[in-house]
>>> print(open('coords.txt').read())   # compact mmCIF, C-alpha atoms
# COMPACT_ATOMS: atom_id res chain seq x y z
CA MET O 22 24.10 -2.10 -38.19
CA ASN O 23 22.16 0.89 -36.81
CA ALA O 24 18.88 -0.94 -37.43
CA LEU O 25 20.21 -3.91 -35.48
CA LEU O 26 21.16 -1.67 -32.53
CA ARG O 27 17.72 -0.01 -32.57
CA LEU O 28 15.88 -3.34 -32.58
CA PRO O 29 15.92 -3.83 -28.77
CA LEU O 30 14.55 -0.30 -28.32
CA ARG O 31 11.77 -0.98 -30.82
CA LEU O 32 10.90 -4.20 -29.01
CA ILE O 33 10.86 -2.52 -25.58
CA ALA O 34 8.84 0.56 -26.60
CA PRO O 35 5.46 -1.27 -26.66
CA LEU O 36 6.19 -2.72 -23.22
CA ASP O 37 6.94 0.77 -21.92
CA ALA O 38 3.64 2.04 -23.30
CA LEU O 39 1.74 -0.94 -21.89
CA GLY O 40 3.43 -0.45 -18.55
CA LEU O 41 1.99 3.07 -18.27
CA TRP O 42 -1.48 1.53 -18.50
CA LEU O 43 -1.13 -1.82 -16.76
CA GLY O 44 2.05 -1.78 -14.67
CA LEU O 45 0.79 0.28 -11.75
CA LEU O 46 -2.72 -1.13 -12.17
CA SER O 47 -1.40 -4.57 -11.26
CA LEU O 48 0.04 -3.19 -7.99
CA ARG O 49 -3.21 -1.39 -7.25
CA VAL O 50 -5.36 -4.49 -7.83
CA LEU O 51 -3.19 -6.75 -5.65
CA LEU O 52 -2.99 -4.24 -2.83
CA ALA O 53 -6.68 -3.34 -3.08
CA TRP O 54 -7.64 -7.00 -2.72
CA ASP O 55 -5.51 -7.57 0.37
CA PHE O 56 -6.31 -4.34 2.22
CA TYR O 57 -10.03 -4.64 1.48
CA GLU O 58 -10.00 -8.25 2.66
CA SER O 59 -8.23 -7.22 5.89
CA GLY O 60 -10.79 -4.46 6.40
CA LEU O 61 -13.64 -6.95 5.96
CA GLU O 62 -12.08 -9.26 8.54
CA LYS O 63 -11.94 -6.39 11.02
CA LEU O 64 -15.47 -5.25 10.13
CA HIS O 65 -16.90 -8.71 10.84
CA GLY O 66 -14.48 -9.65 13.64
CA SER O 67 -13.96 -8.63 17.23
CA ASN O 68 -11.62 -5.86 18.29
CA TRP O 69 -8.34 -7.25 19.62
CA PHE O 70 -6.47 -3.92 19.55
CA ALA O 71 -6.92 -3.45 23.32
CA ASP O 72 -4.64 -6.48 23.79
CA ILE O 73 -1.78 -4.84 21.86
CA GLN O 74 -2.33 -1.09 22.33
CA ASN O 75 0.80 -0.82 24.47
CA ARG O 76 2.79 -2.08 21.44
CA PHE O 77 1.49 0.66 19.12
CA PRO O 78 4.11 3.34 18.42
CA PHE O 79 3.50 6.90 19.60
CA PRO O 80 1.11 8.69 18.92
CA PHE O 81 -1.08 5.71 17.97
CA ASN O 82 -0.78 4.23 21.47
CA GLN O 83 -2.61 7.33 22.75
CA VAL O 84 -5.73 6.61 20.67
CA PRO O 85 -8.41 4.48 22.37
CA PRO O 86 -8.46 0.93 20.94
CA HIS O 87 -12.02 1.15 19.63
CA ILE O 88 -11.14 4.28 17.63
CA SER O 89 -7.91 2.67 16.33
CA TRP O 90 -9.92 -0.40 15.30
CA GLU O 91 -12.49 1.70 13.42
CA MET O 92 -9.78 3.80 11.75
CA ALA O 93 -7.83 0.72 10.63
CA THR O 94 -11.01 -0.99 9.42
CA TRP O 95 -12.25 1.94 7.36
CA PHE O 96 -8.85 2.93 6.00
CA GLU O 97 -8.37 -0.64 4.77
CA LEU O 98 -11.86 -0.79 3.23
CA ALA O 99 -11.87 2.69 1.70
CA GLY O 100 -8.19 2.43 0.78
CA GLY O 101 -8.77 -0.88 -0.97
CA ILE O 102 -11.62 0.55 -3.03
CA ALA O 103 -9.70 3.76 -3.75
CA LEU O 104 -6.61 1.85 -4.90
CA LEU O 105 -8.71 -0.35 -7.15
CA LEU O 106 -10.27 2.70 -8.79
CA GLY O 107 -7.08 4.74 -8.73
CA LEU O 108 -8.85 7.53 -6.82
CA GLY O 109 -6.86 9.57 -4.30
CA THR O 110 -4.12 7.04 -4.88
CA ARG O 111 -1.20 8.94 -3.39
CA PHE O 112 -3.19 9.85 -0.26
CA PHE O 113 -4.46 6.32 0.33
CA ALA O 114 -1.11 4.68 -0.50
CA SER O 115 0.60 7.00 2.01
CA SER O 116 -2.08 6.29 4.61
CA LEU O 117 -1.78 2.55 4.10
CA ILE O 118 2.01 2.77 4.46
CA ILE O 119 1.52 4.42 7.87
CA LEU O 120 -1.06 1.77 8.81
CA THR O 121 1.35 -0.97 7.71
CA VAL O 122 4.26 0.49 9.69
CA VAL O 123 2.04 0.53 12.80
CA ALA O 124 1.02 -3.09 12.08
CA ILE O 125 4.66 -4.13 11.73
CA ALA O 126 5.62 -2.41 15.00
CA SER O 127 2.68 -3.75 17.00
CA VAL O 128 1.89 -7.17 15.49
CA HIS O 129 4.58 -8.45 13.14
CA TRP O 130 7.85 -7.33 14.75
CA PRO O 131 9.63 -9.86 16.98
CA ASP O 132 9.28 -9.32 20.74
CA SER O 133 13.04 -9.26 21.15
CA TRP O 134 16.16 -9.77 19.11
CA ASN O 135 19.85 -9.39 19.88
CA SER O 136 21.46 -9.51 16.47
CA TRP O 137 20.75 -8.79 12.84
CA ALA O 138 20.60 -12.54 12.21
CA GLU O 139 17.92 -12.97 14.90
CA LEU O 140 15.91 -10.07 13.49
CA MET O 141 16.07 -11.53 9.97
CA GLN O 142 14.50 -14.75 11.26
CA GLY O 143 11.31 -12.69 11.47
CA TYR O 144 11.51 -11.82 7.80
CA GLY O 145 9.06 -14.56 6.93
CA PHE O 146 5.38 -15.19 6.35
CA THR O 147 4.76 -17.29 9.45
CA ASP O 148 5.55 -16.46 13.05
CA HIS O 149 7.63 -19.07 14.81
CA GLY O 150 8.38 -16.77 17.74
CA GLN O 151 10.61 -14.42 15.73
CA GLY O 152 7.95 -12.19 14.14
CA ASN O 153 6.57 -12.30 10.63
CA PHE O 154 7.12 -8.95 8.95
CA LYS O 155 7.93 -10.05 5.39
CA LEU O 156 4.47 -9.52 3.87
CA PRO O 157 3.91 -6.05 5.35
CA VAL O 158 7.38 -4.99 4.22
CA LEU O 159 6.51 -6.20 0.70
CA PHE O 160 3.27 -4.18 0.88
CA ILE O 161 5.25 -1.05 1.70
CA GLY O 162 7.52 -1.78 -1.27
CA MET O 163 4.43 -2.11 -3.48
CA LEU O 164 2.75 1.04 -2.10
CA LEU O 165 5.84 3.23 -2.51
CA PRO O 166 5.69 3.40 -6.35
CA LEU O 167 2.04 4.45 -6.06
CA VAL O 168 3.04 7.31 -3.74
CA LEU O 169 5.94 8.39 -5.94
CA MET O 170 4.53 7.74 -9.43
CA GLY O 171 0.78 7.89 -8.89
CA PRO O 172 -1.76 5.32 -10.06
CA GLY O 173 -0.84 5.05 -13.75
CA ARG O 174 -2.96 5.95 -16.75
CA LEU O 175 -5.79 3.48 -16.16
CA SER O 176 -7.21 5.29 -13.12
CA VAL O 177 -9.76 7.84 -12.02
CA ASP O 178 -6.90 10.10 -10.89
CA ALA O 179 -5.44 10.14 -14.41
CA TRP O 180 -8.87 10.84 -15.91
CA LEU O 181 -9.43 13.70 -13.44
CA ARG O 182 -5.98 15.14 -14.14
CA THR O 183 -6.72 15.09 -17.90
CA ARG O 184 -10.09 16.78 -17.34
CA LEU O 185 -8.60 19.45 -15.05
CA THR O 186 -5.72 20.11 -17.44
CA THR O 187 -8.15 20.47 -20.34
CA PHE O 188 -10.38 22.75 -18.26
CA ASN O 189 -7.43 24.94 -17.20
CA HIS O 190 -6.15 25.23 -20.78
CA ALA O 191 -9.63 26.18 -22.00
CA LYS O 192 -9.97 28.73 -19.21
CA ASP O 193 -6.54 30.25 -19.96
CA ALA O 194 -7.24 30.56 -23.71
>>> encode(input="coords.txt", output="structure tokens")
Amino acid sequence: MNALLRLPLRLIAPLDALGLWLGLLSLRVLLAWDFYESGLEKLHGSNWFADIQNRFPFPFNQVPPHISWEMATWFELAGGIALLLGLGTRFFASSLIILTVVAIASVHWPDSWNSWAELMQGYGFTDHGQGNFKLPVLFIGMLLPLVLMGPGRLSVDAWLRTRLTTFNHAKDA
């Protein structure tokens, strides 16, 4: 009977181990692709931030639009590459959360709403006059585990942590 009760644990253990290697990697790859792609669009596109600067939350509305555009472009490009590699993951995930919150407030949030039901009409992928903040909210939900748990074992950050730990142990011995 004990063996039967332990069977689910024995079946789940390999998934747990695999998750340490691939679980957070999958989030990093998906997010890297999208943020890098958005950065490329800005890099090759024209700056439209001047049209919406008054919708940026404080203190971002105090930054000149050309500087905001450059910051958003390069944080998306560098953040996408960093997430893919798992390098500076917590910093870039946190930075991209801030960037995404600003994007929600200035681009994706509905212009006006009077009830929770009206606001939730904007929780979608397309804007039919009620906003379209579903995708950026999902991105925040995907970035949060990277902030809290780090990049996972298949990352430059994990390799650096192992190297630094080994170096510190050797130095202390």
>>> closest_residue(input="coords.txt", among="O:Leu185, O:Ala103, O:Leu175, O:Ala24", to="O:Leu39", atoms="all atoms listed in the file")
O:Leu175
>>> closest_residue(input="coords.txt", among="O:Ser127, O:Ser115, O:Thr94, O:Ser133", to="O:Gly66", atoms="all atoms listed in the file")
O:Thr94
>>> residues_near_point(input="coords.txt", point="(3.6, -3.2, -13.9)", cutoff="12 Å", atoms="all atoms listed in the file", output="PyMOL selection string")
chain O and resi 36-51+163+166-167+170+172-175
>>> residues_around(input="coords.txt", residues="O:Leu156", least_positions_apart="6", cutoff="12 Å", atoms="only C-alpha atoms", output="PyMOL selection string")
chain O and resi 52+55+121-122+124-125+129-130+143-148+162-163
>>> residues_around(input="coords.txt", residues="O:Leu64", least_positions_apart="5", cutoff="12 Å", atoms="all atoms listed in the file", output="PyMOL selection string")
chain O and resi 57-59+87+90-98
>>> atom_distance(input="coords.txt", atom1="atom CA of O:Val123", atom2="atom CA of O:Ser89")
10.8 Å
>>> atom_distance(input="coords.txt", atom1="atom CA of O:Leu169", atom2="atom CA of O:Thr187")
23.5 Å
>>> residues_near_point(input="coords.txt", point="(4.8, -2.7, 15.2)", cutoff="12 Å", atoms="only C-alpha atoms", output="ChimeraX atom specification")
/O:73-79,81-82,119-132,152-154,157-158
>>> residues_around(input="coords.txt", residues="O:Ala99", least_positions_apart="6", cutoff="12 Å", atoms="only C-alpha atoms", output="ChimeraX atom specification")
/O:53-54,56-61,91-93,105-110,112-114,116-117
>>> closest_residue(input="coords.txt", among="O:Leu104, O:Leu159, O:Ala138, O:Leu165", to="O:Asp178", atoms="only C-alpha atoms")
O:Leu104
>>> closest_residue(input="coords.txt", among="O:Pro35, O:Leu140, O:Pro86, O:Ala179", to="O:Trp69", atoms="only C-alpha atoms")
O:Pro86
>>> atom_distance(input="coords.txt", atom1="atom CA of O:Lys155", atom2="atom CA of O:Gln142")
10.0 Å
>>> build_atoms(input="coords.txt", residues="stretch 156-167 of chain O", atoms="all heavy atoms", output="PDB file, keeping the file's coordinate frame")
ATOM      1  N   LEU O 156       5.587  -9.967   4.702  1.00  0.00           N
ATOM      2  CA  LEU O 156       4.470  -9.520   3.870  1.00  0.00           C
ATOM      3  C   LEU O 156       4.195  -8.023   4.037  1.00  0.00           C
ATOM      4  O   LEU O 156       4.073  -7.315   3.029  1.00  0.00           O
ATOM      5  CB  LEU O 156       3.217 -10.347   4.159  1.00  0.00           C
ATOM      6  CG  LEU O 156       2.046 -10.100   3.222  1.00  0.00           C
ATOM      7  CD1 LEU O 156       2.417 -10.393   1.773  1.00  0.00           C
ATOM      8  CD2 LEU O 156       0.854 -10.967   3.635  1.00  0.00           C
ATOM      9  N   PRO O 157       4.133  -7.496   5.255  1.00  0.00           N
ATOM     10  CA  PRO O 157       3.910  -6.050   5.350  1.00  0.00           C
ATOM     11  C   PRO O 157       5.050  -5.210   4.752  1.00  0.00           C
ATOM     12  O   PRO O 157       4.800  -4.143   4.190  1.00  0.00           O
ATOM     13  CB  PRO O 157       3.733  -5.782   6.839  1.00  0.00           C
ATOM     14  CG  PRO O 157       3.940  -7.057   7.548  1.00  0.00           C
ATOM     15  CD  PRO O 157       4.047  -8.154   6.562  1.00  0.00           C
ATOM     16  N   VAL O 158       6.261  -5.711   4.851  1.00  0.00           N
ATOM     17  CA  VAL O 158       7.380  -4.990   4.220  1.00  0.00           C
ATOM     18  C   VAL O 158       7.210  -5.001   2.698  1.00  0.00           C
ATOM     19  O   VAL O 158       7.443  -3.990   2.022  1.00  0.00           O
ATOM     20  CB  VAL O 158       8.743  -5.590   4.643  1.00  0.00           C
ATOM     21  CG1 VAL O 158       9.875  -5.087   3.769  1.00  0.00           C
ATOM     22  CG2 VAL O 158       9.022  -5.267   6.111  1.00  0.00           C
ATOM     23  N   LEU O 159       6.774  -6.133   2.142  1.00  0.00           N
ATOM     24  CA  LEU O 159       6.510  -6.200   0.700  1.00  0.00           C
ATOM     25  C   LEU O 159       5.384  -5.236   0.313  1.00  0.00           C
ATOM     26  O   LEU O 159       5.444  -4.597  -0.739  1.00  0.00           O
ATOM     27  CB  LEU O 159       6.165  -7.627   0.278  1.00  0.00           C
ATOM     28  CG  LEU O 159       7.306  -8.634   0.360  1.00  0.00           C
ATOM     29  CD1 LEU O 159       6.799 -10.042   0.079  1.00  0.00           C
ATOM     30  CD2 LEU O 159       8.427  -8.272  -0.583  1.00  0.00           C
ATOM     31  N   PHE O 160       4.360  -5.127   1.153  1.00  0.00           N
ATOM     32  CA  PHE O 160       3.270  -4.180   0.880  1.00  0.00           C
ATOM     33  C   PHE O 160       3.796  -2.751   0.818  1.00  0.00           C
ATOM     34  O   PHE O 160       3.408  -1.979  -0.049  1.00  0.00           O
ATOM     35  CB  PHE O 160       2.174  -4.282   1.930  1.00  0.00           C
ATOM     36  CG  PHE O 160       1.302  -5.490   1.798  1.00  0.00           C
ATOM     37  CD1 PHE O 160       0.503  -5.882   2.846  1.00  0.00           C
ATOM     38  CD2 PHE O 160       1.276  -6.258   0.642  1.00  0.00           C
ATOM     39  CE1 PHE O 160      -0.317  -6.997   2.743  1.00  0.00           C
ATOM     40  CE2 PHE O 160       0.475  -7.377   0.523  1.00  0.00           C
ATOM     41  CZ  PHE O 160      -0.323  -7.743   1.578  1.00  0.00           C
ATOM     42  N   ILE O 161       4.671  -2.401   1.729  1.00  0.00           N
ATOM     43  CA  ILE O 161       5.250  -1.050   1.700  1.00  0.00           C
ATOM     44  C   ILE O 161       6.025  -0.848   0.402  1.00  0.00           C
ATOM     45  O   ILE O 161       5.914   0.202  -0.235  1.00  0.00           O
ATOM     46  CB  ILE O 161       6.153  -0.805   2.935  1.00  0.00           C
ATOM     47  CG1 ILE O 161       5.290  -0.742   4.201  1.00  0.00           C
ATOM     48  CG2 ILE O 161       6.986   0.467   2.773  1.00  0.00           C
ATOM     49  CD1 ILE O 161       6.080  -0.725   5.497  1.00  0.00           C
ATOM     50  N   GLY O 162       6.789  -1.864   0.004  1.00  0.00           N
ATOM     51  CA  GLY O 162       7.520  -1.780  -1.270  1.00  0.00           C
ATOM     52  C   GLY O 162       6.591  -1.644  -2.464  1.00  0.00           C
ATOM     53  O   GLY O 162       6.946  -1.022  -3.466  1.00  0.00           O
ATOM     54  N   MET O 163       5.398  -2.214  -2.388  1.00  0.00           N
ATOM     55  CA  MET O 163       4.430  -2.110  -3.480  1.00  0.00           C
ATOM     56  C   MET O 163       3.668  -0.773  -3.433  1.00  0.00           C
ATOM     57  O   MET O 163       3.267  -0.249  -4.473  1.00  0.00           O
ATOM     58  CB  MET O 163       3.443  -3.274  -3.410  1.00  0.00           C
ATOM     59  CG  MET O 163       4.077  -4.630  -3.685  1.00  0.00           C
ATOM     60  SD  MET O 163       3.010  -6.020  -3.220  1.00  0.00           S
ATOM     61  CE  MET O 163       1.698  -5.879  -4.420  1.00  0.00           C
ATOM     62  N   LEU O 164       3.457  -0.239  -2.234  1.00  0.00           N
ATOM     63  CA  LEU O 164       2.750   1.040  -2.100  1.00  0.00           C
ATOM     64  C   LEU O 164       3.632   2.227  -2.478  1.00  0.00           C
ATOM     65  O   LEU O 164       3.139   3.238  -2.984  1.00  0.00           O
ATOM     66  CB  LEU O 164       2.242   1.221  -0.654  1.00  0.00           C
ATOM     67  CG  LEU O 164       1.066   0.346  -0.254  1.00  0.00           C
ATOM     68  CD1 LEU O 164       0.929   0.295   1.265  1.00  0.00           C
ATOM     69  CD2 LEU O 164      -0.211   0.838  -0.907  1.00  0.00           C
ATOM     70  N   LEU O 165       4.925   2.114  -2.247  1.00  0.00           N
ATOM     71  CA  LEU O 165       5.840   3.230  -2.510  1.00  0.00           C
ATOM     72  C   LEU O 165       5.802   3.736  -3.953  1.00  0.00           C
ATOM     73  O   LEU O 165       5.740   4.948  -4.169  1.00  0.00           O
ATOM     74  CB  LEU O 165       7.260   2.840  -2.083  1.00  0.00           C
ATOM     75  CG  LEU O 165       8.243   3.971  -1.913  1.00  0.00           C
ATOM     76  CD1 LEU O 165       7.746   5.006  -0.919  1.00  0.00           C
ATOM     77  CD2 LEU O 165       9.575   3.414  -1.450  1.00  0.00           C
ATOM     78  N   PRO O 166       5.807   2.865  -4.979  1.00  0.00           N
ATOM     79  CA  PRO O 166       5.690   3.400  -6.350  1.00  0.00           C
ATOM     80  C   PRO O 166       4.373   4.146  -6.581  1.00  0.00           C
ATOM     81  O   PRO O 166       4.338   5.099  -7.354  1.00  0.00           O
ATOM     82  CB  PRO O 166       5.757   2.148  -7.233  1.00  0.00           C
ATOM     83  CG  PRO O 166       6.414   1.119  -6.413  1.00  0.00           C
ATOM     84  CD  PRO O 166       6.056   1.417  -4.988  1.00  0.00           C
ATOM     85  N   LEU O 167       3.307   3.741  -5.899  1.00  0.00           N
ATOM     86  CA  LEU O 167       2.040   4.450  -6.060  1.00  0.00           C
ATOM     87  C   LEU O 167       2.102   5.845  -5.435  1.00  0.00           C
ATOM     88  O   LEU O 167       1.497   6.782  -5.944  1.00  0.00           O
ATOM     89  CB  LEU O 167       0.893   3.639  -5.440  1.00  0.00           C
ATOM     90  CG  LEU O 167       0.656   2.269  -6.063  1.00  0.00           C
ATOM     91  CD1 LEU O 167      -0.429   1.520  -5.305  1.00  0.00           C
ATOM     92  CD2 LEU O 167       0.299   2.389  -7.537  1.00  0.00           C
TER      93      LEU O 167
END
